[in-house]
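A.B. asks: Got a file for you: structure10.tsv, TSV, C-alpha atoms.
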chain	number	residue	atom	x	y	z
A	9	MET	CA	-2.30	28.51	14.68
A	10	ARG	CA	-0.53	28.79	11.36
A	11	THR	CA	1.77	26.48	9.42
A	12	GLN	CA	3.08	26.22	5.89
A	13	VAL	CA	1.77	22.72	5.13
A	14	LEU	CA	-1.11	21.14	7.06
A	15	ILE	CA	-1.10	17.34	6.72
A	16	ILE	CA	-4.29	15.42	7.45
A	17	GLY	CA	-3.48	11.84	8.46
A	18	SER	CA	-0.56	10.37	10.38
A	19	GLY	CA	-0.22	7.10	8.54
A	20	PRO	CA	3.01	6.39	6.70
A	21	SER	CA	2.32	8.81	3.83
A	22	GLY	CA	1.52	11.75	6.12
A	23	LEU	CA	4.46	11.02	8.38
A	24	LEU	CA	6.86	10.52	5.48
A	25	LEU	CA	5.79	13.79	3.86
A	26	GLY	CA	6.03	15.59	7.19
A	27	GLN	CA	9.54	14.36	7.89
A	28	LEU	CA	10.81	15.23	4.41
A	29	LEU	CA	9.32	18.72	4.77
A	30	THR	CA	10.81	19.15	8.25
A	31	LYS	CA	14.28	18.17	7.02
A	32	ALA	CA	13.89	20.72	4.21
A	33	GLY	CA	13.01	23.45	6.72
A	34	ILE	CA	9.33	23.63	5.73
A	35	ASP	CA	7.00	23.98	8.72
A	36	ASN	CA	4.19	21.45	8.97
A	37	ILE	CA	1.56	20.14	11.38
A	38	ILE	CA	-0.10	16.72	11.21
A	39	LEU	CA	-3.69	16.14	12.33
A	40	ASP	CA	-5.27	12.73	12.88
A	41	ARG	CA	-8.73	11.79	14.12
A	42	VAL	CA	-7.51	8.72	16.03
A	43	SER	CA	-4.86	8.02	18.65
A	44	LYS	CA	-1.22	7.11	18.13
A	45	ASP	CA	-1.81	3.65	19.65
A	46	TYR	CA	-4.71	3.00	17.27
A	47	ILE	CA	-2.54	3.85	14.26
A	48	LEU	CA	0.25	1.57	15.46
A	49	GLY	CA	-2.25	-1.25	15.97
A	50	ARG	CA	-3.30	-1.36	12.32
A	51	VAL	CA	-2.03	-4.32	10.29
A	52	ARG	CA	-1.08	-3.40	6.74
A	53	ALA	CA	1.39	-4.06	3.94
A	54	GLY	CA	4.92	-5.35	4.25
A	55	VAL	CA	6.79	-5.24	0.91
A	56	LEU	CA	8.68	-2.03	0.13
A	57	GLU	CA	9.85	-1.02	-3.35
A	58	TRP	CA	13.42	0.18	-3.77
A	59	GLY	CA	12.12	3.75	-4.21
A	60	THR	CA	10.21	3.63	-0.93
A	61	VAL	CA	13.34	2.38	0.82
A	62	GLY	CA	15.24	5.35	-0.59
A	63	LEU	CA	12.63	7.85	0.62
A	64	LEU	CA	12.73	6.39	4.14
A	65	GLU	CA	16.50	6.76	4.09
A	66	GLU	CA	16.16	10.37	2.92
A	67	ALA	CA	13.72	11.01	5.76
A	68	GLY	CA	16.23	9.67	8.29
A	69	ALA	CA	13.98	6.72	9.14
A	70	GLY	CA	15.86	3.84	7.53
A	71	ALA	CA	18.23	2.58	10.24
A	72	ARG	CA	15.96	-0.02	11.88
A	73	MET	CA	14.56	-1.05	8.49
A	74	HIS	CA	18.07	-1.95	7.32
A	75	ALA	CA	18.88	-3.68	10.61
A	76	GLU	CA	15.68	-5.76	10.88
A	77	GLY	CA	14.12	-5.78	7.40
A	78	LEU	CA	14.52	-8.66	4.98
A	79	PRO	CA	15.90	-7.79	1.52
A	80	HIS	CA	14.34	-10.10	-1.07
A	81	ASP	CA	15.87	-10.78	-4.48
A	82	GLY	CA	12.89	-12.69	-5.86
A	83	TYR	CA	9.57	-14.44	-5.28
A	84	SER	CA	7.80	-17.55	-6.52
A	85	LEU	CA	4.76	-18.06	-8.69
A	86	ALA	CA	3.38	-21.49	-7.71
A	87	PHE	CA	1.10	-23.38	-10.11
A	88	ASP	CA	0.84	-26.90	-11.47
A	89	GLY	CA	2.27	-28.06	-8.14
A	90	ARG	CA	5.64	-26.39	-8.78
A	91	ASP	CA	7.53	-23.17	-7.96
A	92	HIS	CA	8.55	-20.80	-10.74
A	93	ARG	CA	10.92	-18.18	-9.34
A	94	ILE	CA	11.01	-14.59	-10.59
A	95	ASP	CA	14.57	-13.40	-9.94
A	96	LEU	CA	14.05	-9.70	-9.32
A	97	HIS	CA	17.68	-8.81	-8.80
A	98	GLN	CA	19.01	-10.68	-11.80
A	99	LEU	CA	16.31	-9.25	-14.08
A	100	THR	CA	16.35	-5.63	-12.84
A	101	GLY	CA	19.41	-5.11	-10.62
A	102	LYS	CA	17.02	-4.14	-7.81
A	103	ARG	CA	15.37	-5.87	-4.86
A	104	VAL	CA	12.49	-5.26	-2.47
A	105	MET	CA	12.49	-4.99	1.32
A	106	VAL	CA	10.11	-6.96	3.54
A	107	TYR	CA	9.38	-4.67	6.48
A	108	GLY	CA	5.93	-4.20	7.99
A	109	GLN	CA	3.98	-0.98	7.53
A	110	THR	CA	3.46	-0.80	11.29
A	111	GLU	CA	7.24	-0.73	11.72
A	112	VAL	CA	7.60	1.96	9.05
A	113	THR	CA	4.96	4.04	10.84
A	114	SER	CA	6.65	3.56	14.22
A	115	ASP	CA	10.04	4.60	12.82
A	116	LEU	CA	8.59	7.72	11.20
A	117	MET	CA	6.78	8.63	14.43
A	118	ASP	CA	10.04	8.33	16.34
A	119	VAL	CA	12.01	10.60	14.02
A	120	ARG	CA	9.15	13.11	13.94
A	121	GLU	CA	9.01	13.28	17.73
A	122	ALA	CA	12.79	13.67	17.86
A	123	SER	CA	12.58	16.57	15.39
A	124	GLY	CA	10.06	18.44	17.52
A	125	ALA	CA	7.51	18.69	14.70
A	126	ARG	CA	3.93	18.80	15.92
A	127	THR	CA	1.31	16.06	15.57
A	128	ILE	CA	-2.20	16.46	17.00
A	129	TYR	CA	-3.96	13.15	17.62
A	130	GLU	CA	-7.66	12.54	18.36
A	131	ALA	CA	-8.70	15.62	16.41
A	132	GLY	CA	-12.43	15.38	15.70
A	133	ASN	CA	-14.38	16.68	12.70
A	134	VAL	CA	-11.28	17.60	10.72
A	135	THR	CA	-12.49	19.72	7.79
A	136	PRO	CA	-10.51	21.50	5.03
A	137	HIS	CA	-11.84	24.96	4.09
A	138	ASP	CA	-11.27	27.51	1.31
A	139	PHE	CA	-8.67	25.40	-0.48
A	140	ASP	CA	-9.90	26.89	-3.76
A	141	GLY	CA	-9.02	30.37	-2.54
A	142	ALA	CA	-6.06	32.33	-1.20
A	143	GLN	CA	-6.47	31.55	2.50
A	144	PRO	CA	-6.95	27.82	3.09
A	145	TYR	CA	-7.40	26.51	6.60
A	146	VAL	CA	-8.41	23.36	8.45
A	147	ALA	CA	-10.82	23.27	11.36
A	148	TYR	CA	-10.98	20.52	13.97
A	149	GLU	CA	-12.35	19.81	17.44
A	150	LYS	CA	-10.40	18.64	20.47
A	151	ASP	CA	-11.46	18.47	24.11
A	152	GLY	CA	-14.73	20.19	23.26
A	153	VAL	CA	-13.03	23.19	21.63
A	154	THR	CA	-13.03	24.09	17.92
A	155	HIS	CA	-9.61	25.01	16.55
A	156	ARG	CA	-8.42	26.49	13.27
A	157	ILE	CA	-5.04	26.15	11.55
A	158	ASP	CA	-4.27	28.49	8.67
A	159	CYS	CA	-1.83	27.23	6.08
A	160	ASP	CA	-0.45	27.59	2.56
A	161	PHE	CA	-1.26	24.04	1.47
A	162	ILE	CA	-3.28	21.03	2.69
A	163	ALA	CA	-2.04	17.48	2.10
A	164	GLY	CA	-4.86	14.94	2.36
A	165	CYS	CA	-3.12	11.78	3.57
A	166	ASP	CA	-6.17	10.53	5.47
A	167	GLY	CA	-7.10	7.43	3.52
A	168	PHE	CA	-10.06	6.23	1.50
A	169	HIS	CA	-12.65	7.19	4.13
A	170	GLY	CA	-11.00	10.45	5.20
A	171	ALA	CA	-12.31	14.00	5.04
A	172	SER	CA	-10.00	15.29	2.31
A	173	ARG	CA	-11.54	13.69	-0.78
A	174	LYS	CA	-15.04	14.08	0.68
A	175	SER	CA	-14.51	17.83	0.95
A	176	VAL	CA	-14.09	18.15	-2.83
A	177	PRO	CA	-17.30	19.12	-4.71
A	178	GLU	CA	-18.70	16.08	-6.50
A	179	GLN	CA	-18.67	17.78	-9.89
A	180	SER	CA	-14.94	18.51	-9.56
A	181	ILE	CA	-13.75	14.93	-9.20
A	182	LYS	CA	-14.10	11.78	-11.29
A	183	THR	CA	-13.73	8.29	-9.86
A	184	PHE	CA	-12.97	4.94	-11.47
A	185	GLU	CA	-13.66	1.69	-9.65
A	186	LYS	CA	-13.58	-2.07	-10.09
A	187	ILE	CA	-14.88	-4.42	-7.40
A	188	TYR	CA	-13.47	-7.95	-7.42
A	189	PRO	CA	-15.83	-10.89	-6.69
A	190	PHE	CA	-13.78	-12.32	-3.79
A	191	GLY	CA	-11.82	-11.33	-0.71
A	192	TRP	CA	-8.61	-12.25	1.08
A	193	LEU	CA	-8.72	-14.03	4.40
A	194	GLY	CA	-5.46	-13.14	6.13
A	195	VAL	CA	-3.80	-14.27	9.34
A	196	LEU	CA	-0.75	-13.16	11.29
A	197	ALA	CA	1.03	-15.76	13.38
A	198	ASP	CA	4.32	-15.92	15.25
A	199	ILE	CA	5.63	-18.88	13.29
A	200	PRO	CA	8.58	-19.09	10.87
A	201	PRO	CA	7.65	-18.46	7.22
A	202	VAL	CA	7.24	-21.53	5.06
A	203	ASN	CA	9.73	-20.09	2.55
A	204	HIS	CA	12.50	-17.48	2.62
A	205	GLU	CA	10.73	-15.58	-0.20
A	206	LEU	CA	7.10	-14.83	-0.96
A	207	ILE	CA	4.96	-17.45	-2.70
A	208	TYR	CA	2.04	-16.42	-4.91
A	209	ALA	CA	-0.03	-19.54	-5.58
A	210	ASN	CA	-2.61	-20.17	-8.30
A	211	HIS	CA	-4.65	-23.27	-7.51
A	212	PRO	CA	-8.02	-24.69	-8.60
A	213	ARG	CA	-9.28	-24.01	-5.05
A	214	GLY	CA	-8.23	-20.36	-5.30
A	215	PHE	CA	-5.32	-18.01	-4.74
A	216	ALA	CA	-2.95	-18.15	-1.76
A	217	LEU	CA	-0.08	-15.97	-0.63
A	218	CYS	CA	2.68	-16.85	1.80
A	219	SER	CA	4.32	-13.67	3.03
A	220	MET	CA	6.09	-12.63	6.21
A	221	ARG	CA	6.92	-9.74	8.51
A	222	SER	CA	10.12	-11.20	9.92
A	223	GLU	CA	11.94	-14.51	10.22
A	224	THR	CA	9.60	-15.45	13.09
A	225	ARG	CA	6.31	-13.83	12.01
A	226	SER	CA	4.28	-15.05	9.02
A	227	ARG	CA	1.52	-13.31	7.07
A	228	TYR	CA	-0.63	-15.76	5.09
A	229	TYR	CA	-3.69	-15.29	2.88
A	230	VAL	CA	-6.22	-17.40	1.02
A	231	GLN	CA	-8.80	-16.26	-1.51
A	232	CYS	CA	-12.28	-16.56	-0.02
A	233	SER	CA	-15.89	-15.72	-0.76
A	234	LEU	CA	-17.21	-12.28	0.12
A	235	GLU	CA	-19.95	-14.15	2.00
A	236	ASP	CA	-17.44	-15.76	4.37
A	237	LYS	CA	-17.18	-14.63	7.98
A	238	VAL	CA	-13.98	-14.59	10.02
A	239	GLU	CA	-15.63	-16.62	12.77
A	240	ASP	CA	-16.26	-19.43	10.24
A	241	TRP	CA	-12.52	-19.90	9.83
A	242	SER	CA	-10.72	-21.58	12.69
A	243	ASP	CA	-6.93	-21.62	12.57
A	244	GLU	CA	-7.06	-25.33	11.80
A	245	ARG	CA	-9.39	-24.81	8.84
A	246	PHE	CA	-7.28	-21.93	7.54
A	247	PHE	CA	-3.97	-23.80	7.58
A	248	ASP	CA	-5.56	-26.91	6.08
A	249	GLU	CA	-6.87	-24.82	3.20
A	250	LEU	CA	-3.59	-22.98	2.75
A	251	ARG	CA	-1.62	-26.21	2.53
A	252	ARG	CA	-4.00	-27.58	-0.12
A	253	ARG	CA	-3.18	-24.62	-2.37
A	254	LEU	CA	0.61	-24.89	-2.12
A	255	PRO	CA	3.07	-27.24	-3.83
A	256	GLN	CA	3.51	-30.39	-1.75
A	257	HIS	CA	7.03	-29.63	-0.51
A	258	HIS	CA	5.84	-26.31	0.97
A	259	ALA	CA	2.73	-27.86	2.49
A	260	GLU	CA	4.81	-30.51	4.22
A	261	ALA	CA	7.35	-27.97	5.52
A	262	MET	CA	4.81	-25.52	6.91
A	263	VAL	CA	4.89	-24.83	10.65
A	264	VAL	CA	1.45	-23.97	12.01
A	265	GLY	CA	0.50	-22.12	15.17
A	266	PRO	CA	-2.18	-19.89	16.68
A	267	SER	CA	-2.94	-16.66	14.83
A	268	PHE	CA	-3.15	-13.36	16.72
A	269	GLU	CA	-4.85	-11.42	13.90
A	270	LYS	CA	-7.40	-12.65	11.38
A	271	SER	CA	-9.46	-10.60	8.96
A	272	ILE	CA	-11.20	-10.67	5.58
A	273	ALA	CA	-10.45	-7.84	3.16
A	274	PRO	CA	-12.53	-7.20	0.02
A	275	LEU	CA	-10.52	-6.32	-3.10
A	276	ARG	CA	-11.06	-3.24	-5.23
A	277	SER	CA	-9.32	-0.93	-7.67
A	278	PHE	CA	-10.19	2.76	-7.22
A	279	VAL	CA	-8.75	5.99	-8.63
A	280	ALA	CA	-9.91	9.57	-8.13
A	281	GLU	CA	-8.91	12.26	-10.64
A	282	PRO	CA	-7.46	14.83	-10.38
A	283	MET	CA	-5.32	14.67	-7.23
A	284	ARG	CA	-5.07	18.44	-6.73
A	285	PHE	CA	-7.78	20.99	-6.02
A	286	GLY	CA	-6.29	24.43	-5.54
A	287	SER	CA	-4.29	24.23	-2.32
A	288	LEU	CA	-5.53	20.70	-1.46
A	289	PHE	CA	-3.61	17.62	-2.58
A	290	LEU	CA	-4.82	14.02	-2.31
A	291	VAL	CA	-2.09	11.54	-1.35
A	292	GLY	CA	-2.12	7.74	-1.11
A	293	ASP	CA	-5.35	5.93	-0.28
A	294	ALA	CA	-7.26	9.22	-0.31
A	295	ALA	CA	-6.82	9.12	-4.10
A	296	HIS	CA	-6.41	5.45	-5.01
A	297	ILE	CA	-6.84	1.89	-3.80
A	298	VAL	CA	-5.31	-1.20	-5.39
A	299	PRO	CA	-5.80	-4.88	-4.65
A	300	PRO	CA	-2.85	-6.08	-2.55
A	301	THR	CA	-1.74	-8.72	-5.05
A	302	GLY	CA	0.97	-6.49	-6.52
A	303	ALA	CA	2.18	-5.03	-3.17
A	304	LYS	CA	1.56	-1.48	-4.41
A	305	GLY	CA	-0.65	0.30	-1.85
A	306	LEU	CA	1.94	1.73	0.53
A	307	ASN	CA	4.44	2.13	-2.30
A	308	LEU	CA	2.04	4.20	-4.39
A	309	ALA	CA	1.48	6.46	-1.40
A	310	ALA	CA	5.25	6.90	-1.15
A	311	SER	CA	5.54	7.90	-4.82
A	312	ASP	CA	2.75	10.47	-4.33
A	313	VAL	CA	4.75	11.86	-1.40
A	314	PHE	CA	7.83	12.08	-3.61
A	315	TYR	CA	6.04	14.14	-6.27
A	316	LEU	CA	4.31	16.41	-3.76
A	317	PHE	CA	7.44	16.97	-1.69
A	318	GLU	CA	9.43	17.87	-4.80
A	319	GLY	CA	6.77	20.40	-5.76
A	320	LEU	CA	6.55	21.95	-2.30
A	321	ARG	CA	10.32	22.13	-1.90
A	322	GLU	CA	10.61	23.84	-5.27
A	323	HIS	CA	7.85	26.29	-4.30
A	324	TYR	CA	9.48	27.36	-1.04
A	325	ALA	CA	13.08	27.32	-2.30
A	326	ASP	CA	12.61	28.80	-5.77
A	327	LYS	CA	9.19	30.50	-5.58
A	328	SER	CA	8.08	28.27	-8.45
A	329	MET	CA	4.66	26.62	-8.83
A	330	ALA	CA	5.83	24.31	-11.64
A	331	GLY	CA	6.18	21.18	-9.49
A	332	ILE	CA	2.93	21.81	-7.64
A	333	ASP	CA	1.08	22.40	-10.91
A	334	ALA	CA	2.48	19.13	-12.31
A	335	TYR	CA	1.73	17.05	-9.19
A	336	SER	CA	-1.55	15.48	-10.22
A	337	GLU	CA	-0.48	14.59	-13.76
A	338	ARG	CA	2.87	13.16	-12.67
A	339	ALA	CA	1.38	11.15	-9.82
A	340	LEU	CA	-1.53	9.77	-11.86
A	341	LYS	CA	0.74	8.49	-14.64
A	342	ARG	CA	2.50	6.29	-12.13
A	343	VAL	CA	-0.73	5.47	-10.28
A	344	TRP	CA	-2.41	4.07	-13.39
A	345	LYS	CA	0.63	1.96	-14.27
A	346	SER	CA	0.55	0.48	-10.77
A	347	VAL	CA	-3.23	-0.01	-10.95
A	348	ARG	CA	-2.68	-1.89	-14.20
A	349	PHE	CA	-0.01	-4.10	-12.65
A	350	SER	CA	-2.10	-4.83	-9.56
A	351	TRP	CA	-5.09	-5.68	-11.75
A	352	SER	CA	-2.96	-7.94	-13.97
A	353	MET	CA	-1.49	-9.81	-10.98
A	354	THR	CA	-4.95	-10.23	-9.50
A	355	THR	CA	-6.35	-11.49	-12.80
A	356	LEU	CA	-3.38	-13.81	-13.30
A	357	MET	CA	-3.37	-15.48	-9.88
A	358	HIS	CA	-7.03	-15.72	-8.77
A	359	ARG	CA	-9.85	-18.00	-9.80
A	360	PHE	CA	-12.85	-15.96	-10.95
A	361	PRO	CA	-16.37	-17.42	-10.70
A	362	ASP	CA	-17.22	-16.57	-14.34
A	363	THR	CA	-13.90	-17.43	-16.02
A	364	GLY	CA	-15.11	-20.47	-17.93
A	365	ASP	CA	-12.98	-23.06	-19.72
A	366	PHE	CA	-11.61	-20.61	-22.30
A	367	GLY	CA	-10.61	-18.05	-19.69
A	368	GLN	CA	-8.92	-20.72	-17.61
A	369	LYS	CA	-6.82	-21.87	-20.57
A	370	ILE	CA	-5.79	-18.25	-21.23
A	371	GLN	CA	-4.71	-17.86	-17.59
A	372	GLU	CA	-2.65	-21.06	-17.77
A	373	ALA	CA	-1.03	-19.94	-21.01
A	374	GLU	CA	-0.18	-16.55	-19.50
A	375	LEU	CA	1.46	-18.16	-16.46
A	376	ASP	CA	3.48	-20.49	-18.70
A	377	TYR	CA	4.58	-17.59	-20.91
A	378	LEU	CA	5.55	-15.35	-17.97
A	379	THR	CA	7.72	-17.98	-16.38
A	380	HIS	CA	9.47	-19.10	-19.59
A	381	SER	CA	10.04	-15.78	-21.34
A	382	THR	CA	12.87	-13.58	-20.09
A	383	ALA	CA	11.21	-10.52	-21.62
A	384	ALA	CA	7.89	-11.21	-19.88
A	385	SER	CA	9.57	-12.05	-16.57
A	386	THR	CA	11.59	-8.82	-16.79
A	387	ALA	CA	8.46	-6.73	-17.34
A	388	MET	CA	6.85	-8.33	-14.30
A	389	ALA	CA	9.99	-7.84	-12.21
A	390	GLU	CA	10.34	-4.16	-13.23
A	391	ASN	CA	6.81	-3.46	-12.04
A	392	TYR	CA	7.22	-5.45	-8.83
A	393	VAL	CA	10.41	-3.72	-7.64
A	394	GLY	CA	8.83	-0.38	-8.56
A	395	LEU	CA	8.83	1.81	-11.62
A	396	PRO	CA	11.09	4.88	-11.45
A	397	TYR	CA	9.65	8.13	-10.13
Mind turning the file's structure into C-alpha cells?

C.D. replies:
Amino acid sequence: MRTQVLIIGSGPSGLLLGQLLTKAGIDNIILDRVSKDYILGRVRAGVLEWGTVGLLEEAGAGARMHAEGLPHDGYSLAFDGRDHRIDLHQLTGKRVMVYGQTEVTSDLMDVREASGARTIYEAGNVTPHDFDGAQPYVAYEKDGVTHRIDCDFIAGCDGFHGASRKSVPEQSIKTFEKIYPFGWLGVLADIPPVNHELIYANHPRGFALCSMRSETRSRYYVQCSLEDKVEDWSDERFFDELRRRLPQHHAEAMVVGPSFEKSIAPLRSFVAEPMRFGSLFLVGDAAHIVPPTGAKGLNLAASDVFYLFEGLREHYADKSMAGIDAYSERALKRVWKSVRFSWSMTTLMHRFPDTGDFGQKIQEAELDYLTHSTAASTAMAENYVGLPY
C-alpha cells in the first residue's frame, strides 16, 4: 500500500489530523494497535479550549459537540471555605467547552467513516522505518501477515507508550520530566454535578476537583497518595473525603451515587525535543504529558495537529517545506507555555509533603493575589481558555 501521510494512532489527535487532511484532499491511512471499541472505552479529558472547538468545527465534527456540550464562562477556585470565581468570558472574551474526549473521538470516527478514509485497527508491531531517508514506510502485522505502507510522512499520534517516539535513536532526542509526589483518584458517576461550573479546591486535606461530562454525569477527583489502591476506596469513602475538601454549601448540595469508573492516575510533566525527525513527527502525548490540573492534555495535542496540518497542507499545495521545517519549534513554544501553566496550577492547588510552613504561606498568598488582582486573574484565564496558535 501507499499513502501520502501515514498516521499511527486513532485517538483524537490522529483522527483530527486525518480528517483535516482528508478535507484538504491529502490521502492518509490511520493505524492503531487496539480495537475501535477499546479506544471508545477509554476515559479521558473533558474541557476543550476555544481553539480545539474551532478545529473540530473545521474538521466537520462539531455538530454534536455544540448540541450536547456545555459552554462554560468560568470556574471556581475554592479555598478558605469559599468560592472565588474566575470569569473567563469577562476577562478574555472566550469560553471553554465541557465535552468528553470519548465523545470527541466518537464524532471524529463517525466523520472519518463517512468520508471513506481508511483506518486499520488491531495492527500489531507497528514500526516506522527509514524516516530519516527518502522512502519512509511503516510495517505492521495483522491476521498473521506482515504488511508495509509506503508514505511521504509519518505522524506519530500513538501516545506516551507508542512506537513512534521509541523508534527515534536515543542520542537524537532529549527528554525533560518532573514526577509529582501524589496521584488523582477519579470517579465517574451518573449523578448531577454539584455545581454548574468546575470547582478546583485547595484544602488542608489535599486537592479536589469537581468536573462533569454532562448535566447528568459527574467526574470527580481527590488528591491521594501514590501508595493508595483503588480497592481501598469505596464510593462512600470517596464522597466523604470529597465533601470534606469542598466549601460547606457545595458539600451539603452534593448528590452521591454509585460510580461506574474509578482509577488512580499518577501526575507527571514530560516533554521530548525535538518533535520532528526527518519524515516522522511526534504529536500529542507521544511528545508531551502534562498533569491534568490545567486541562491541557487533549488541547495540546490539538495545537500540535494544527501546526502539523498547516505544514502538510502548505507542502502539498505550494510545494513548500517551510511549515514542516518550522513544526517542531512552533509546537514546542506553545507546549512549554502549557507545561508551565499546568505546573503552576498543580503547584498552586495541591498540598505537597515537603512544603513546610513557609511554602504554605506562599501558596496562600498566591491564591489571595490571583483572586483579587484583575491582571493576575486575566493571565490565568488567558492560559485556561487557550493561548492563540

A.B. asks: My list of candidates is A:Val106, A:Met283, A:Leu340, A:Leu116. Which is closest to Leu78 in chain A when distances are computed with all atoms listed in the file?

C.D. replies: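 Ranking A:Val106, A:Met283, A:Leu340, A:Leu116 by distance to Leu78 in chain A, first place goes to A:Val106.
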
A.B. asks: Nearest to Pro361 in chain A among A:Arg213, A:Lys345, A:Lys304, A:Arg227, with distances taken over only C-alpha atoms: which residue is it?

C.D. replies: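 Among A:Arg213, A:Lys345, A:Lys304, A:Arg227, it is A:Arg213 that comes nearest to Pro361 in chain A.
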
A.B. asks: Using all atoms listed in the file, pick whichever of A:Asp236, A:Asp243, A:Asp81, A:Glu130 has the shortest atom-to-atom distance to Leu96 in chain A.

C.D. replies: A:Asp81

A.B. asks: Could you give me, as a PyMOL selection string, the residues within 9 Å of Leu375 in chain A, counting only C-alpha atoms and dropping anything in the same chain fewer than 6 positions from it?

C.D. replies: chain A and resi 85+87+356-357

A.B. asks: Neighbouring residues of Leu39 in chain A were defined as those with any atom within 7 Å, considering all atoms listed in the file; residues of the same chain fewer than 5 positions away were excluded. Please report them as a PyMOL selection string.

C.D. replies: chain A and resi 15-18+127-129+131

A.B. asks: Can you work out which one of A:Met353, A:Gly101, A:Ala71, A:Ile207 has the shortest atom-to-atom distance to Glu374 in chain A, counting all atoms listed in the file?

C.D. replies: A:Met353

A.B. asks: Determine, counting all atoms listed in the file, which protein, DNA and RNA residues have an atom within 8 Å of an atom of Val112 in chain A; residues of the same chain fewer than 6 positions away are not included. Present the result as a compact mmCIF listing (two decimals) with C-alpha atoms, in the frame of the given file.

C.D. replies:
# COMPACT_ATOMS: atom_id res chain seq x y z
CA PRO A 20 3.01 6.39 6.70
CA ALA A 69 13.98 6.72 9.14
CA MET A 73 14.56 -1.05 8.49

A.B. asks: Counting all atoms listed in the file, which of A:Arg50, A:Lys237, A:Arg156, A:His211 gets nearest to His137 in chain A?

C.D. replies: A:Arg156

A.B. asks: Let me make sure I understand: among A:Leu206, A:Val279, A:Ile370, A:Leu254, which one has the smallest atom-to-atom distance to Arg348 in chain A if we use only C-alpha atoms?

C.D. replies: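 The closest residue to Arg348 in chain A is A:Val279.
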
A.B. asks: Rounded to one decimal place, report the CA of Thr11 in chain A-CA of Val313 in chain A distance in Å.

C.D. replies: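 Between CA of Thr11 in chain A and CA of Val313 in chain A the gap is 18.4 Å.
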
A.B. asks: Give me, please, the distance in Å between CA of Phe139 in chain A and CA of Val298 in chain A, quoted to one decimal.

C.D. replies: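 Taking CA of Phe139 in chain A and CA of Val298 in chain A, their separation equals 27.3 Å.
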
A.B. asks: Residues near Ala303 in chain A, anyone? I mean within 8 Å using all atoms listed in the file, not counting same-chain ones fewer than 6 positions away, as a VMD selection string.

C.D. replies: chain A and resid 53 to 56 350 392
